[in-house]
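Next comes data-v4.pdb, a file with PDB, C-alpha atoms.
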ATOM      1  CA  GLU V   1       0.919  29.934  -3.292
ATOM      2  CA  LYS V   2      -2.255  27.792  -3.353
ATOM      3  CA  THR V   3      -1.182  26.288  -6.683
ATOM      4  CA  ILE V   4       2.189  25.257  -5.257
ATOM      5  CA  ILE V   5       0.472  23.664  -2.255
ATOM      6  CA  LYS V   6      -1.868  21.768  -4.600
ATOM      7  CA  LEU V   7       1.068  20.596  -6.732
ATOM      8  CA  GLY V   8       2.934  19.419  -3.634
ATOM      9  CA  SER V   9      -0.145  17.566  -2.409
ATOM     10  CA  LEU V  10      -0.597  15.904  -5.800
ATOM     11  CA  LEU V  11       3.085  14.866  -5.818
ATOM     12  CA  ALA V  12       2.749  13.292  -2.373
ATOM     13  CA  LEU V  13      -0.497  11.583  -3.368
ATOM     14  CA  GLY V  14       0.857  10.291  -6.675
ATOM     15  CA  PHE V  15       4.296   9.174  -5.526
ATOM     16  CA  GLY V  16       3.387   8.097  -1.999
ATOM     17  CA  GLU V  17       5.899   7.148   0.651
ATOM     18  CA  ALA V  18       8.055   5.264  -1.840
ATOM     19  CA  GLY V  19       8.475   8.406  -3.944
ATOM     20  CA  ALA V  20       9.634  10.661  -1.112
ATOM     21  CA  ASN V  21      13.322  10.044  -1.988
ATOM     22  CA  ILE V  22      12.700  10.838  -5.666
ATOM     23  CA  ILE V  23      10.964  14.098  -4.794
ATOM     24  CA  GLY V  24      13.603  15.026  -2.191
ATOM     25  CA  HIS V  25      16.491  14.250  -4.567
ATOM     26  CA  ASN V  26      15.022  16.485  -7.255
ATOM     27  CA  MET V  27      14.178  19.329  -4.867
ATOM     28  CA  ARG V  28      17.811  19.473  -3.674
ATOM     29  CA  GLY V  29      18.940  20.287  -7.203
ATOM     30  CA  GLY V  30      17.549  23.836  -6.967
ATOM     31  CA  ASP V  31      19.972  25.294  -9.530
ATOM     32  CA  SER V  32      18.371  23.333 -12.373
ATOM     33  CA  ALA V  33      14.855  22.954 -13.729
ATOM     34  CA  GLY V  34      15.635  19.400 -14.899
ATOM     35  CA  VAL V  35      13.996  16.376 -13.311
ATOM     36  CA  ASN V  36      15.833  13.107 -12.719
ATOM     37  CA  ALA V  37      13.280  10.524 -11.656
ATOM     38  CA  MET V  38      15.556   7.565 -12.349
ATOM     39  CA  ILE V  39      17.638   7.706  -9.171
ATOM     40  CA  PRO V  40      19.066   4.462  -7.744
ATOM     41  CA  GLY V  41      16.803   2.473  -5.452
ATOM     42  CA  THR V  42      17.508   1.967  -1.767
ATOM     43  CA  ARG V  43      17.236  -1.157   0.330
ATOM     44  CA  VAL V  44      14.592  -0.886   3.048
ATOM     45  CA  GLU V  45      13.371  -3.260   5.727
ATOM     46  CA  CYS V  46       9.614  -3.508   5.521
ATOM     47  CA  ILE V  47       6.465  -5.527   5.825
ATOM     48  CA  ILE V  48       4.798  -5.910   2.452
ATOM     49  CA  GLY V  49       1.090  -6.603   2.293
ATOM     50  CA  VAL V  50      -0.920  -7.686  -0.716
ATOM     51  CA  VAL V  51      -4.703  -7.323  -0.733
ATOM     52  CA  ARG V  52      -6.646  -8.956  -3.560
ATOM     53  CA  ILE V  53     -10.325  -8.550  -4.453
ATOM     54  CA  ARG V  54     -11.899 -12.001  -4.735
ATOM     55  CA  ASP V  55     -13.989 -12.886  -7.826
ATOM     56  CA  PHE V  56     -12.734  -9.760  -9.567
ATOM     57  CA  SER V  57     -13.072 -11.052 -13.136
ATOM     58  CA  THR V  58     -16.727 -11.923 -12.491
ATOM     59  CA  ALA V  59     -17.345  -8.532 -10.878
ATOM     60  CA  THR V  60     -15.722  -6.841 -13.902
ATOM     61  CA  GLU V  61     -17.952  -8.721 -16.355
ATOM     62  CA  VAL V  62     -21.096  -7.938 -14.354
ATOM     63  CA  LEU V  63     -20.396  -4.341 -13.279
ATOM     64  CA  GLN V  64     -18.649  -3.288 -16.520
ATOM     65  CA  SER V  65     -18.258   0.520 -16.475
ATOM     66  CA  LYS V  66     -19.047   0.637 -12.734
ATOM     67  CA  ILE V  67     -16.029  -1.521 -11.860
ATOM     68  CA  MET V  68     -13.883   1.577 -11.185
ATOM     69  CA  THR V  69     -16.391   2.816  -8.608
ATOM     70  CA  PHE V  70     -16.432  -0.659  -7.023
ATOM     71  CA  VAL V  71     -12.609  -0.781  -6.765
ATOM     72  CA  ASN V  72     -12.419   2.788  -5.436
ATOM     73  CA  GLN V  73     -15.005   2.001  -2.733
ATOM     74  CA  ILE V  74     -12.870  -0.943  -1.610
ATOM     75  CA  ALA V  75      -9.693   1.188  -1.869
ATOM     76  CA  GLU V  76     -11.244   3.742   0.480
ATOM     77  CA  VAL V  77     -11.509   1.071   3.180
ATOM     78  CA  VAL V  78      -8.108  -0.556   2.478
ATOM     79  CA  HIS V  79      -6.119   2.673   2.243
ATOM     80  CA  GLY V  80      -7.875   4.291   5.213
ATOM     81  CA  VAL V  81      -7.190   1.396   7.581
ATOM     82  CA  VAL V  82      -3.599   0.867   6.392
ATOM     83  CA  ASN V  83      -2.899   4.568   6.955
ATOM     84  CA  GLU V  84      -4.527   4.424  10.396
ATOM     85  CA  PHE V  85      -2.182   1.564  11.354
ATOM     86  CA  ARG V  86       0.991   3.400  10.221
ATOM     87  CA  GLY V  87       1.254   1.705   6.842
ATOM     88  CA  ALA V  88       1.339   3.278   3.398
ATOM     89  CA  PRO V  89      -0.728   2.314   0.364
ATOM     90  CA  ASN V  90       1.711   1.914  -2.509
ATOM     91  CA  ARG V  91       0.008   0.837  -5.688
ATOM     92  CA  ASN V  92      -3.209  -0.528  -7.101
ATOM     93  CA  SER V  93      -3.261  -2.798 -10.093
ATOM     94  CA  GLY V  94      -6.749  -3.919 -11.039
ATOM     95  CA  GLU V  95      -7.784  -6.315  -8.291
ATOM     96  CA  THR V  96      -4.606  -5.980  -6.202
ATOM     97  CA  PHE V  97      -3.434  -3.408  -3.654
ATOM     98  CA  LEU V  98       0.183  -3.288  -2.466
ATOM     99  CA  VAL V  99       0.639  -1.818   1.015
ATOM    100  CA  ILE V 100       3.857  -1.250   2.970
ATOM    101  CA  TRP V 101       4.937  -0.882   6.576
ATOM    102  CA  ARG V 102       8.517   0.479   6.588
ATOM    103  CA  MET V 103      10.961  -0.300   9.394
ATOM    104  CA  GLU V 104      13.799   2.129   9.907
ATOM    105  CA  SER V 105      17.189   0.413   9.656
ATOM    106  CA  HIS V 106      19.992   0.943  12.168
ATOM    107  CA  GLU V 107      23.566   1.171  10.871
ATOM    108  CA  SER V 108      24.993  -0.112  14.172
ATOM    109  CA  LEU V 109      23.299  -3.470  13.590
ATOM    110  CA  LEU V 110      25.766  -4.091  10.783
ATOM    111  CA  ASN V 111      28.727  -3.894  13.191
ATOM    112  CA  PRO V 112      28.704  -6.760  15.724
ATOM    113  CA  GLN V 113      31.705  -5.178  17.545
ATOM    114  CA  ASP V 114      29.611  -2.155  18.520
ATOM    115  CA  PRO V 115      28.597  -2.553  22.215
ATOM    116  CA  THR V 116      25.245  -0.899  21.550
ATOM    117  CA  ALA V 117      24.471  -3.242  18.625
ATOM    118  CA  LEU V 118      22.858  -5.909  20.805
ATOM    119  CA  GLU V 119      20.621  -3.359  22.527
ATOM    120  CA  ASP V 120      19.751  -1.758  19.161
ATOM    121  CA  LYS V 121      18.905  -5.190  17.786
ATOM    122  CA  LYS V 122      16.519  -5.836  20.688
ATOM    123  CA  VAL V 123      14.858  -2.462  20.126
ATOM    124  CA  LYS V 124      14.593  -3.093  16.397
ATOM    125  CA  LEU V 125      13.135  -6.582  16.878
ATOM    126  CA  LYS V 126      10.592  -5.258  19.374
ATOM    127  CA  ALA V 127       9.591  -2.467  16.967
ATOM    128  CA  ALA V 128       9.381  -4.940  14.079
ATOM    129  CA  GLY V 129       7.155  -7.192  16.178
ATOM    130  CA  LYS V 130       4.823  -4.314  16.971
ATOM    131  CA  LEU V 131       4.710  -3.294  13.315
ATOM    132  CA  ALA V 132       3.969  -6.880  12.259
ATOM    133  CA  GLY V 133       1.163  -6.987  14.807
ATOM    134  CA  MET V 134      -0.210  -3.709  13.469
ATOM    135  CA  SER V 135      -0.213  -5.060   9.911
ATOM    136  CA  ILE V 136      -2.182  -8.150  10.986
ATOM    137  CA  VAL V 137      -4.661  -6.055  12.962
ATOM    138  CA  ALA V 138      -4.980  -3.703   9.977
ATOM    139  CA  PHE V 139      -5.905  -6.605   7.698
ATOM    140  CA  SER V 140      -8.492  -7.792  10.246
ATOM    141  CA  LYS V 141      -9.944  -4.283  10.477
ATOM    142  CA  ILE V 142     -10.050  -4.021   6.671
ATOM    143  CA  LEU V 143     -12.104  -7.200   6.480
ATOM    144  CA  GLY V 144     -14.396  -5.965   9.260
ATOM    145  CA  GLY V 145     -14.777  -2.556   7.609
ATOM    146  CA  LEU V 146     -15.502  -4.187   4.272
ATOM    147  CA  HIS V 147     -18.298  -6.338   5.690
ATOM    148  CA  ARG V 148     -19.772  -3.472   7.775
ATOM    149  CA  SER V 149     -19.798  -0.965   4.919
ATOM    150  CA  PRO V 150     -23.384  -0.076   3.919
ATOM    151  CA  LEU V 151     -22.041   1.104   0.568
ATOM    152  CA  LEU V 152     -20.404  -2.241  -0.218
ATOM    153  CA  ALA V 153     -23.397  -4.145   1.203
ATOM    154  CA  THR V 154     -25.448  -3.016  -1.793
ATOM    155  CA  TYR V 155     -23.400  -5.378  -3.988
ATOM    156  CA  ARG V 156     -24.799  -8.351  -2.033
ATOM    157  CA  GLY V 157     -28.180  -7.660  -3.593
ATOM    158  CA  HIS V 158     -26.901  -7.002  -7.111
ATOM    159  CA  PRO V 159     -28.880  -9.363  -9.391
ATOM    160  CA  GLY V 160     -25.985  -9.979 -11.803
ATOM    161  CA  LEU V 161     -23.532 -10.804  -8.999
ATOM    162  CA  GLN V 162     -26.104 -13.022  -7.266
ATOM    163  CA  TYR V 163     -26.734 -14.892 -10.511
ATOM    164  CA  ARG V 164     -23.010 -15.488 -11.155
ATOM    165  CA  LEU V 165     -21.761 -15.957  -7.559
ATOM    166  CA  GLY V 166     -24.816 -17.307  -5.736
ATOM    167  CA  ALA V 167     -27.474 -15.836  -3.499
ATOM    168  CA  ASN V 168     -25.063 -15.396  -0.565
ATOM    169  CA  CYS V 169     -22.430 -13.460  -2.544
ATOM    170  CA  ARG V 170     -20.514 -10.685  -0.836
ATOM    171  CA  VAL V 171     -17.499  -8.500  -1.497
ATOM    172  CA  ASN V 172     -14.466 -10.361  -0.172
ATOM    173  CA  LEU V 173     -10.694 -10.002  -0.078
ATOM    174  CA  SER V 174      -7.670 -12.257   0.308
ATOM    175  CA  PHE V 175      -4.472 -11.129   2.023
ATOM    176  CA  GLY V 176      -0.760 -11.892   2.106
ATOM    177  CA  LEU V 177       2.053 -10.529   4.295
ATOM    178  CA  HIS V 178       5.826 -10.784   4.018
ATOM    179  CA  ALA V 179       8.535  -9.260   6.225
ATOM    180  CA  GLY V 180      12.041  -8.644   4.962
ATOM    181  CA  TRP V 181      13.934  -6.278   2.722
ATOM    182  CA  ALA V 182      12.925  -4.717  -0.570
ATOM    183  CA  ILE V 183      14.377  -2.191  -2.993
ATOM    184  CA  GLU V 184      12.435   1.057  -2.926
ATOM    185  CA  GLY V 185      12.680   3.300  -5.953
ATOM    186  CA  ALA V 186      11.515   4.289  -9.395
ATOM    187  CA  VAL V 187      10.396   1.611 -11.832
ATOM    188  CA  GLY V 188       9.867   2.665 -15.456
ATOM    189  CA  SER V 189      11.487   4.986 -17.957
ATOM    190  CA  GLU V 190      11.942   8.686 -18.646
ATOM    191  CA  PHE V 191       8.371   8.715 -19.967
ATOM    192  CA  LYS V 192       6.550   7.149 -16.989
ATOM    193  CA  ILE V 193       7.622   5.916 -13.578
ATOM    194  CA  ASP V 194       6.043   4.322 -10.565
ATOM    195  CA  ALA V 195       7.611   4.697  -7.160
ATOM    196  CA  SER V 196       7.400   1.170  -5.861
ATOM    197  CA  TYR V 197       9.124  -1.819  -4.255
TER
END
Target encoding structure tokens, full file:
Amino acid sequence: EKTIIKLGSLLALGFGEAGANIIGHNMRGGDSAGVNAMIPGTRVECIIGVVRIRDFSTATEVLQSKIMTFVNQIAEVVHGVVNEFRGAPNRNSGETFLVIWRMESHESLLNPQDPTALEDKKVKLKAAGKLAGMSIVAFSKILGGLHRSPLLATYRGHPGLQYRLGANCRVNLSFGLHAGWAIEGAVGSEFKIDASY
């Protein structure tokens, strides 16, 4: 029983929110042991955030084998705050983190003849506005958490980073946000997939 719980936790951790449909689709096929990870993607309304570590190539050259620890320390802050503000970390690729805030779509919005469509649209727009606000606050909190972190503050005094980036160097991030639709699903092949957007 503990092993099954661990496997389920690892699935959720590895696939994330974007992989929930892939996992659910395969769990419904209980009469077969086969796995079909290449299910069609679905269109979702979302806010997509991109967080990038500044001066990453310099940090990689200086820190060398310790670069993974450096990235994971930053990821702890980024992922923790995004989760706290109802977002979901999606993927990390070197210096970049992709984070998502999903908005639930309403079928009635597609039918302008529906008398409840206008009210649903107002509710959806209000919810989207709140979610957009949360994503902006999350990015502000990430930056604050990054600069308050005693663990990340040690890099300010790193001699190699100071030499390459100047005496006032510090760990810093850049951010981007976009609101709209994306296709959520599996990207890859039968050998390796990523659940992404």
Give me the residues of region 75-166 of chain V that have any atom at most 12 Å from an atom of region 183-195 of chain V; for each, the nearest atom pair and the distance in Å, rounded to one decimal. Use all atoms listed in the file, sort by chain and number, and format it as JSON lines.
{"residue": "V:Pro89", "atom": "CA", "partner": "V:Ala195", "partner_atom": "CA", "distance": 11.5}
{"residue": "V:Asn90", "atom": "CA", "partner": "V:Ala195", "partner_atom": "CA", "distance": 8.0}
{"residue": "V:Arg91", "atom": "CA", "partner": "V:Asp194", "partner_atom": "CA", "distance": 8.5}
{"residue": "V:Asn92", "atom": "CA", "partner": "V:Asp194", "partner_atom": "CA", "distance": 11.0}
{"residue": "V:Ser93", "atom": "CA", "partner": "V:Asp194", "partner_atom": "CA", "distance": 11.7}
{"residue": "V:Leu98", "atom": "CA", "partner": "V:Ala195", "partner_atom": "CA", "distance": 11.9}
{"residue": "V:Ile100", "atom": "CA", "partner": "V:Glu184", "partner_atom": "CA", "distance": 10.7}
{"residue": "V:Arg102", "atom": "CA", "partner": "V:Glu184", "partner_atom": "CA", "distance": 10.3}
Determine the nearest neighbour of Ile67 (chain V) from the options V:Phe175, V:Trp181, V:Tyr155, V:Tyr197, counting all atoms listed in the file. V:Tyr155
Between CA of Gly160 (chain V) and CA of Gly94 (chain V), distance in Å (one decimal):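 Interatomic distance, CA of Gly160 (chain V) to CA of Gly94 (chain V): 20.2 Å.
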Result set, the PyMOL selection byres ((chain V and resi 53) around 7) on current file, as an NGL selection string: :V and (51-52 or 54-56 or 95-96 or 172-174)
Work out how far apart CA of Val123 (chain V) and CA of Met103 (chain V) are and give it in Å to one decimal. 11.6 Å
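Checking V:Leu151, V:Thr58, V:Ser135, V:Lys141 one by one against Tyr163 (chain V), counting all atoms listed in the file, you find the shortest gap at V:Thr58.
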Matched chain/residue IDs from the PyMOL selection byres ((chain V and resi 77) around 9), as a PyMOL selection string: chain V and resi 72-76+78-82+142-143+145-146+149
Neighbourhood query: residues within 9 Å of (-24.6, -7.5, -2.8), file coordinates, counting only C-alpha atoms; return as an NGL selection string. :V and (152-159 or 161-162 or 167-171)
Any chance you could build region 146-161 of chain V out to N, CA, C and O atoms and write it as a PDB file, keeping the file's coordinate frame?
ATOM      1  N   LEU V 146     -14.919  -3.789   5.558  1.00  0.00           N
ATOM      2  CA  LEU V 146     -15.502  -4.187   4.272  1.00  0.00           C
ATOM      3  C   LEU V 146     -16.890  -4.786   4.477  1.00  0.00           C
ATOM      4  O   LEU V 146     -17.843  -4.440   3.769  1.00  0.00           O
ATOM      5  N   HIS V 147     -17.020  -5.659   5.458  1.00  0.00           N
ATOM      6  CA  HIS V 147     -18.298  -6.338   5.690  1.00  0.00           C
ATOM      7  C   HIS V 147     -19.312  -5.469   6.422  1.00  0.00           C
ATOM      8  O   HIS V 147     -20.513  -5.751   6.367  1.00  0.00           O
ATOM      9  N   ARG V 148     -18.853  -4.398   7.106  1.00  0.00           N
ATOM     10  CA  ARG V 148     -19.772  -3.472   7.775  1.00  0.00           C
ATOM     11  C   ARG V 148     -20.205  -2.317   6.880  1.00  0.00           C
ATOM     12  O   ARG V 148     -21.141  -1.595   7.221  1.00  0.00           O
ATOM     13  N   SER V 149     -19.529  -2.120   5.768  1.00  0.00           N
ATOM     14  CA  SER V 149     -19.798  -0.965   4.919  1.00  0.00           C
ATOM     15  C   SER V 149     -21.185  -1.051   4.281  1.00  0.00           C
ATOM     16  O   SER V 149     -21.466  -1.980   3.518  1.00  0.00           O
ATOM     17  N   PRO V 150     -22.059  -0.069   4.563  1.00  0.00           N
ATOM     18  CA  PRO V 150     -23.384  -0.076   3.919  1.00  0.00           C
ATOM     19  C   PRO V 150     -23.271   0.137   2.402  1.00  0.00           C
ATOM     20  O   PRO V 150     -24.077  -0.383   1.638  1.00  0.00           O
ATOM     21  N   LEU V 151     -22.253   0.857   1.989  1.00  0.00           N
ATOM     22  CA  LEU V 151     -22.041   1.104   0.568  1.00  0.00           C
ATOM     23  C   LEU V 151     -21.697  -0.188  -0.165  1.00  0.00           C
ATOM     24  O   LEU V 151     -22.262  -0.494  -1.224  1.00  0.00           O
ATOM     25  N   LEU V 152     -20.791  -0.979   0.408  1.00  0.00           N
ATOM     26  CA  LEU V 152     -20.404  -2.241  -0.218  1.00  0.00           C
ATOM     27  C   LEU V 152     -21.462  -3.333  -0.025  1.00  0.00           C
ATOM     28  O   LEU V 152     -21.511  -4.287  -0.796  1.00  0.00           O
ATOM     29  N   ALA V 153     -22.320  -3.168   0.974  1.00  0.00           N
ATOM     30  CA  ALA V 153     -23.397  -4.145   1.203  1.00  0.00           C
ATOM     31  C   ALA V 153     -24.397  -4.158   0.050  1.00  0.00           C
ATOM     32  O   ALA V 153     -25.042  -5.179  -0.193  1.00  0.00           O
ATOM     33  N   THR V 154     -24.495  -3.060  -0.669  1.00  0.00           N
ATOM     34  CA  THR V 154     -25.448  -3.016  -1.793  1.00  0.00           C
ATOM     35  C   THR V 154     -25.087  -4.026  -2.883  1.00  0.00           C
ATOM     36  O   THR V 154     -25.970  -4.483  -3.606  1.00  0.00           O
ATOM     37  N   TYR V 155     -23.803  -4.405  -2.975  1.00  0.00           N
ATOM     38  CA  TYR V 155     -23.400  -5.378  -3.988  1.00  0.00           C
ATOM     39  C   TYR V 155     -23.907  -6.786  -3.674  1.00  0.00           C
ATOM     40  O   TYR V 155     -24.000  -7.621  -4.560  1.00  0.00           O
ATOM     41  N   ARG V 156     -24.246  -7.037  -2.402  1.00  0.00           N
ATOM     42  CA  ARG V 156     -24.799  -8.351  -2.033  1.00  0.00           C
ATOM     43  C   ARG V 156     -26.134  -8.603  -2.722  1.00  0.00           C
ATOM     44  O   ARG V 156     -26.486  -9.750  -2.992  1.00  0.00           O
ATOM     45  N   GLY V 157     -26.875  -7.526  -2.961  1.00  0.00           N
ATOM     46  CA  GLY V 157     -28.180  -7.660  -3.593  1.00  0.00           C
ATOM     47  C   GLY V 157     -28.162  -7.433  -5.094  1.00  0.00           C
ATOM     48  O   GLY V 157     -29.225  -7.405  -5.723  1.00  0.00           O
ATOM     49  N   HIS V 158     -26.989  -7.251  -5.673  1.00  0.00           N
ATOM     50  CA  HIS V 158     -26.901  -7.002  -7.111  1.00  0.00           C
ATOM     51  C   HIS V 158     -27.326  -8.264  -7.863  1.00  0.00           C
ATOM     52  O   HIS V 158     -26.723  -9.335  -7.692  1.00  0.00           O
ATOM     53  N   PRO V 159     -28.364  -8.161  -8.720  1.00  0.00           N
ATOM     54  CA  PRO V 159     -28.880  -9.363  -9.391  1.00  0.00           C
ATOM     55  C   PRO V 159     -27.835 -10.088 -10.249  1.00  0.00           C
ATOM     56  O   PRO V 159     -27.784 -11.328 -10.238  1.00  0.00           O
ATOM     57  N   GLY V 160     -27.002  -9.353 -10.958  1.00  0.00           N
ATOM     58  CA  GLY V 160     -25.985  -9.979 -11.803  1.00  0.00           C
ATOM     59  C   GLY V 160     -24.948 -10.726 -10.989  1.00  0.00           C
ATOM     60  O   GLY V 160     -24.522 -11.828 -11.356  1.00  0.00           O
ATOM     61  N   LEU V 161     -24.511 -10.136  -9.860  1.00  0.00           N
ATOM     62  CA  LEU V 161     -23.532 -10.804  -8.999  1.00  0.00           C
ATOM     63  C   LEU V 161     -24.158 -12.016  -8.317  1.00  0.00           C
ATOM     64  O   LEU V 161     -23.513 -13.067  -8.186  1.00  0.00           O
TER      65      LEU V 161
END
